[in-house]
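Presented below is the structure to which this report refers.
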Amino acid sequence: MHWLVAALVFVLVPMALAMANLPDGALKNALYEWHKSFGLTVLALALARLLVRAARGAPPLVAGLPAWQRRAARASHLALYALIVLVPLLGWAGTSACCAPVMLYGTLPLTLPVSGGMPVGEAILKVHQVAAFTLVALVALHVGAALHHHVVRRDGTLRRMWLGRGER
Ligand code: HEM
Ligand code: HEM
């Protein structure tokens, strides 16, 4: 679920930049539809991850980290979880307020009870955009930390995230 969310976010951000800047037309509309469906998929996966984590916990951080790095890891993981829930929720709330239900992969109409029309929708989507760019900045920091563990500290932090390669 971690890598699926990461892959979707890596697709969603360039997709958003393209759809917001393209001239009106079929490609722009298609990108909006994919953006909304992929985004709601991230929300579902994020909630599933939080449920699994609450039920089964997570492995402890690798041993031997200084206290400030342990605090930074915990705080940044918490912020990443918060953002992968909040960013899609804001996108969904914004489109529900201003425009129309999301047609999930062209089939199921999904909407949130947010009223206020275009002004409210636009304001929420502005917050969505800022939150999404905050997520991108935090992911850059997160990837930097993962590479630091792998290349400099050479501990098992990145290796144990690969499928079937839990610390044994
Ligand atoms: C993790 C999930 C998501 C990410 C990372 C993400 C990312 C972004 C980014 C970076 C933008 C700003 C584009 C720009 O104006 O330059 C944006 C805009 C937008 N997003 Fe998302 N988004 C996500 C989920 C969603 C969802 C679930 C919806 C709706 C159901 C949604 C609907 C929109 C809309 C309507 C815009 C406005 C584009 C415009 O200004 O015309 N997004 N998104
Ligand atoms: C949108 C992209 C990403 C998000 C939202 C994200 C989010 C998270 C979160 C919330 C955790 C904490 C898991 C837990 O303890 O419950 C985590 C762990 C981890 N992530 Fe990511 N991640 C992303 C991309 C990446 C990428 C691209 C890499 C590698 C280059 C990476 C490497 C890791 C590693 C190594 C851990 C394990 C940390 C540990 O064992 O203590 N992540 N990620």
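Each chain in the structure tokens gets a letter, A, B and so on, in the order shown; residues start at 1 in every chain, and ligands are counted from 1 in the order they appear.
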
For region 155-163 of chain A, work out the shell of residues within 7 Å, counting only C-alpha atoms and skipping chain neighbours fewer than 6 positions away, then give it as an NGL selection string.
:A and (62 or 146 or 149)

May I have the residues within 7 Å of ligand 1, computed using only C-alpha atoms and all ligand atoms, as a count of residues only?
30

Around ligand 2, at most 9 Å away and counting only C-alpha atoms and all ligand atoms, which residues are there? Put them as JSON, numbers by chain, please.
{"A": [2, 3, 4, 5, 6, 7, 8, 9, 10, 46, 49, 50, 53, 57, 58, 59, 60, 61, 62, 73, 74, 76, 77, 78, 79, 80, 81, 82, 83, 84, 135, 136, 138, 139, 140, 142, 143, 144, 145, 146, 147, 149, 150, 156, 157, 158, 159, 160, 161, 162]}

Can you pull out every residue from region 5-145 of chain A that DSSP, working from the backbone, puts in helix (DSSP H, G or I), and format the result as a PyMOL selection string?
chain A and resi 5-21+26-56+67-98+117-145

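Here CA of Ala30 (chain A) stands at a distance of 12.5 Å from CA of Leu104 (chain A).
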
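When CA of Ile124 (chain A) is paired with CA of Ala93 (chain A), their separation reads 7.1 Å.
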
What is the CA of Tyr105 (chain A)-CA of Ala137 (chain A) distance in Å, reported with one decimal?
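One can read the CA of Tyr105 (chain A) to CA of Ala137 (chain A) distance as 28.4 Å.
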
I need the strand (DSSP E) residues of region 43-149 of chain A per DSSP on the backbone, written as a count of residues only.
6
